[in-house]
Protein chains: 2
Amino acid sequence: MPNSDRAELEVSATEPADCTRWLDTEEQRAWRAFLRAAAQVDDALDRQLQRDAGMPHAYYQVLAMLSEAPDRTLRMSQLAGLTTSSASRLSHAVARLEEKGWVRRDRHPTDRRGALAVLTDAGWDALVAAAPGHVSAVRAAIFDRLDPEQVAGLRAISERIAGHSEA
Amino acid sequence: MPNSDRAELEVSATEPADCTRWLDTEEQRAWRAFLRAAAQVDDALDRQLQRDAGMPHAYYQVLAMLSEAPDRTLRMSQLAGLTTSSASRLSHAVARLEEKGWVRRDRHPTDRRGALAVLTDAGWDALVAAAPGHVSAVRAAIFDRLDPEQVAGLRAISERIAGHSEA
DNA sequence: GACGGATAGTTGAATGCTCAACAAAGACGG
DNA sequence: CCGTCTTTGTTGAGCATTCAACTATCCGTC
């Protein structure tokens with residue numbers, strides 16, 4: 001952020017009033033630390049999965065959510081919600097996973113607009129094969145670095161941030 | 001993660017021992033909440049900047065870091081470190097920013113391998129124009145949802161996660 | 001039951017990112 | 001100095017994501 005100019009802007013009489021609530025020092029530090037942490041975690045996991053399992057993290061999440069669903073089946077819109085991805089992104093992702101034979105698309109029984117994503121046996125196997133390495137990576141990136149109290153804090157803070165978003 | 005199979009794997013005598021340290025319930029919840037939060041924050045900021053300032057968040061970060069550097073100049077490698085991006089990514093990004101006239105590349109005075117990224121006046125203006133909206137988005141995504149204690153916690157936890165990474 | 005609007009999902013083009021390969025220059029050891 | 005190893009940065013191909021446009025279906029209402 002353009003720090004050095006802020007003072008000037010604030011006292012400038014000819015400029016429109018600077019009513020922006022800038023971040024204070026504490027917020028600034030928390031914000032940058034969070035950015036760093038999030039980026040590093042995401043990069044580490046993405047690389048690990050791409051290298052060891054041949055899929056990006058987003059695709060792993062799709063398989064993981066399907067694996068826990070009844071009949072290993074979810075509606076596209078629900079799956080999109082669970083994986084925090086747009087309809088378009090998920091559609092492309094499922095198309096790719098379908099090519100790999102890991103996911104299949106079925107018609108929704110009652111709503112003819114709907115599509116159901118179903119985890120295939122091959123998809124299950126791919127997930128089971130990828131899971132241990134992934135969990136290790138998650139531990140290395142997060143939980144090995146935090147004590148239980150911090151884990152609880154991380155959860156509480158994350159839920160606050162994620163809760164009822166899209167203001 | 002393939003939960004329902006875990007019990008089977010653990011008691012299976014013919015399979016190789018499952019020595020993976022899976023996530024317990026608390027870790028699981030913290031992990032998923034964190035994933036959600038990080039994804040939402042990143043998406044919100046990326047969209048806001050793309051819409052209002054015509055640049056992705058990663059590019060904004062490049063401009064922001066340059067704006068705070070002496071002479072608004074940084075070596076590529078340093079800039080990569082500050083923005084948590086790979087050399088390649090940064091190189092592409094700076095190329096793009098150069099086309100827009102927001103950043104210029106200079107030779108490093110002593111190390112002839114090195115390149116210096118310099119924020120132009122137009123780049124400064126673009127950053128100043130984008131900053132208020134961006135800060136608002138950051139507030140809406142993070143700080144409006146947390147009390148000061150949680151902000152301190154977020155910082156501490158993030159620094160732990162980010163610290164000396166790339167194990 | 002027909003219309004208007006909302007919802008579900010797909011598609012293609014444009015853009016950014018990753019990976020691997022590369023070039024160019026410094027650093028170091030003999 | 002000469003060869004090798006490391007560091008710095010760029011490049012191009014391939015892939016993932018985004019955005020906008022589109023189709024199809026459902027829902028509520030008159």
# chains A, B, ... in the order shown; residues from 1 in each chain; ligands from 1
>>> closest_atom_pairs(of="chain B", to="chain D", cutoff="12 Å", atoms="only C-alpha atoms (C1' of nucleotides)", output="JSON lines")
{"residue": "B:Asp43", "atom": "CA", "partner": "D:DT18", "partner_atom": "C1'", "distance": 10.7}
{"residue": "B:Asp46", "atom": "CA", "partner": "D:DT18", "partner_atom": "C1'", "distance": 10.4}
{"residue": "B:Arg47", "atom": "CA", "partner": "D:DT18", "partner_atom": "C1'", "distance": 9.3}
{"residue": "B:Gln50", "atom": "CA", "partner": "D:DT18", "partner_atom": "C1'", "distance": 10.2}
{"residue": "B:Arg51", "atom": "CA", "partner": "D:DC19", "partner_atom": "C1'", "distance": 10.6}
{"residue": "B:Pro56", "atom": "CA", "partner": "D:DT18", "partner_atom": "C1'", "distance": 11.0}
{"residue": "B:Arg75", "atom": "CA", "partner": "D:DT8", "partner_atom": "C1'", "distance": 10.1}
{"residue": "B:Met76", "atom": "CA", "partner": "D:DG9", "partner_atom": "C1'", "distance": 8.0}
{"residue": "B:Ser77", "atom": "CA", "partner": "D:DT8", "partner_atom": "C1'", "distance": 7.6}
{"residue": "B:Gln78", "atom": "CA", "partner": "D:DT8", "partner_atom": "C1'", "distance": 11.1}
{"residue": "B:Ala80", "atom": "CA", "partner": "D:DG9", "partner_atom": "C1'", "distance": 11.3}
{"residue": "B:Ser86", "atom": "CA", "partner": "D:DG9", "partner_atom": "C1'", "distance": 11.0}
{"residue": "B:Ala87", "atom": "CA", "partner": "D:DG9", "partner_atom": "C1'", "distance": 7.3}
{"residue": "B:Ser88", "atom": "CA", "partner": "D:DT10", "partner_atom": "C1'", "distance": 7.7}
{"residue": "B:Arg89", "atom": "CA", "partner": "D:DT10", "partner_atom": "C1'", "distance": 10.6}
{"residue": "B:Leu90", "atom": "CA", "partner": "D:DG9", "partner_atom": "C1'", "distance": 9.9}
{"residue": "B:Ser91", "atom": "CA", "partner": "D:DT10", "partner_atom": "C1'", "distance": 7.1}
{"residue": "B:His92", "atom": "CA", "partner": "D:DT10", "partner_atom": "C1'", "distance": 8.8}
{"residue": "B:Ala93", "atom": "CA", "partner": "D:DT10", "partner_atom": "C1'", "distance": 12.0}
{"residue": "B:Val94", "atom": "CA", "partner": "D:DT10", "partner_atom": "C1'", "distance": 11.4}
{"residue": "B:Ala95", "atom": "CA", "partner": "D:DT10", "partner_atom": "C1'", "distance": 10.1}
{"residue": "B:Arg105", "atom": "CA", "partner": "D:DG9", "partner_atom": "C1'", "distance": 12.0}
{"residue": "B:Arg107", "atom": "CA", "partner": "D:DG9", "partner_atom": "C1'", "distance": 11.6}
{"residue": "B:His108", "atom": "CA", "partner": "D:DT8", "partner_atom": "C1'", "distance": 11.2}
{"residue": "B:Asp111", "atom": "CA", "partner": "D:DT8", "partner_atom": "C1'", "distance": 9.4}
{"residue": "B:Arg112", "atom": "CA", "partner": "D:DT8", "partner_atom": "C1'", "distance": 9.3}
{"residue": "B:Arg113", "atom": "CA", "partner": "D:DT8", "partner_atom": "C1'", "distance": 5.7}
{"residue": "B:Gly114", "atom": "CA", "partner": "D:DT8", "partner_atom": "C1'", "distance": 6.0}
{"residue": "B:Ala115", "atom": "CA", "partner": "D:DG9", "partner_atom": "C1'", "distance": 7.5}
{"residue": "B:Leu116", "atom": "CA", "partner": "D:DG9", "partner_atom": "C1'", "distance": 10.7}
>>> residues_around(residues="Leu127 in chain B", least_positions_apart="3", cutoff="12 Å", atoms="only C-alpha atoms (C1' of nucleotides)", output="ChimeraX atom specification")
/A:1-3,5 /B:49,52-55,57,59-68,97,102-103,119-124,130-135
>>> closest_atom_pairs(of="chain C", to="chain B", cutoff="7 Å", atoms="only C-alpha atoms (C1' of nucleotides)", output="tab-separated table")
residue	atom	partner	partner_atom	distance
C:DC17	C1'	B:Arg89	CA	6.6
C:DA24	C1'	B:Arg113	CA	6.7
C:DA25	C1'	B:Arg113	CA	5.4
>>> closest_residue(among="B:Asp24, B:Asp106, B:Glu159, B:Asp71", to="chain A", atoms="only C-alpha atoms")
B:Glu159
>>> select_by_dssp(residues="range 52-81 of chain B", states="alpha helix (DSSP H)", output="list in words")
Asp52, Ala53, His57, Ala58, Tyr59, Tyr60, Gln61, Val62, Leu63, Ala64, Met65, Leu66, Ser67, Glu68, Met76, Ser77, Gln78, Leu79, Ala80 and Gly81 of chain B
>>> write_last_selection(atoms="C-alpha atoms", output="PDB file, in the first residue's frame")
ATOM      1  CA  ASP B  52     -12.536  -2.327  -9.893  1.00  0.00           C
ATOM      2  CA  ALA B  53      -8.889  -2.011 -10.834  1.00  0.00           C
ATOM      3  CA  HIS B  57      -4.498  -9.636  -6.454  1.00  0.00           C
ATOM      4  CA  ALA B  58      -1.043 -10.962  -7.229  1.00  0.00           C
ATOM      5  CA  TYR B  59      -0.314  -7.934  -9.388  1.00  0.00           C
ATOM      6  CA  TYR B  60      -1.570  -5.577  -6.746  1.00  0.00           C
ATOM      7  CA  GLN B  61       0.839  -7.127  -4.291  1.00  0.00           C
ATOM      8  CA  VAL B  62       3.696  -6.530  -6.682  1.00  0.00           C
ATOM      9  CA  LEU B  63       2.811  -2.858  -6.981  1.00  0.00           C
ATOM     10  CA  ALA B  64       2.298  -2.554  -3.237  1.00  0.00           C
ATOM     11  CA  MET B  65       5.693  -4.014  -2.382  1.00  0.00           C
ATOM     12  CA  LEU B  66       7.437  -1.844  -4.915  1.00  0.00           C
ATOM     13  CA  SER B  67       5.672   1.240  -3.580  1.00  0.00           C
ATOM     14  CA  GLU B  68       7.226   0.732  -0.172  1.00  0.00           C
ATOM     15  CA  MET B  76      13.287  -9.537  -8.902  1.00  0.00           C
ATOM     16  CA  SER B  77      14.365 -12.190  -6.441  1.00  0.00           C
ATOM     17  CA  GLN B  78      13.531 -10.006  -3.448  1.00  0.00           C
ATOM     18  CA  LEU B  79      10.206  -9.071  -4.948  1.00  0.00           C
ATOM     19  CA  ALA B  80       9.460 -12.728  -5.504  1.00  0.00           C
ATOM     20  CA  GLY B  81      10.175 -13.421  -1.860  1.00  0.00           C
TER      21      GLY B  81
END
>>> atom_distance(atom1="CA of Thr84 in chain A", atom2="CA of Gly163 in chain A")
12.4 Å
>>> residues_around(residues="range 37-39 of chain A", least_positions_apart="2", cutoff="7 Å", atoms="only C-alpha atoms (C1' of nucleotides)", output="NGL selection string")
(:A and (33-35 or 41-43)) or (:B and (38 or 84 or 158 or 161-162))
>>> select_by_dssp(residues="range 20-136 of chain B", states="strand (DSSP E)", output="CSV table (one decimal) with C-alpha atoms, in the first residue's frame")
chain,number,residue,atom,x,y,z
B,73,THR,CA,12.7,-0.4,-6.8
B,74,LEU,CA,13.4,-4.0,-5.9
B,75,ARG,CA,15.4,-6.8,-7.3
B,103,VAL,CA,6.5,-1.2,-13.9
B,104,ARG,CA,9.8,-0.8,-15.7
B,105,ARG,CA,12.8,-3.1,-15.8
B,106,ASP,CA,16.3,-1.8,-15.1
B,107,ARG,CA,19.6,-3.5,-15.1
B,115,ALA,CA,17.1,-7.2,-13.0
B,116,LEU,CA,15.4,-4.4,-11.1
B,117,ALA,CA,11.7,-3.9,-11.1
B,118,VAL,CA,10.8,-0.2,-10.8
B,119,LEU,CA,7.3,1.2,-10.1
>>> residues_around(residues="Glu149 in chain B", least_positions_apart="2", cutoff="12 Å", atoms="only C-alpha atoms (C1' of nucleotides)", output="ChimeraX atom specification")
/A:26-27,30,153,156-157 /B:143,145-147,151-156
>>> closest_residue(among="B:Arg139, B:Gln48, B:Thr25, B:Arg96", to="chain A", atoms="only C-alpha atoms")
B:Arg139
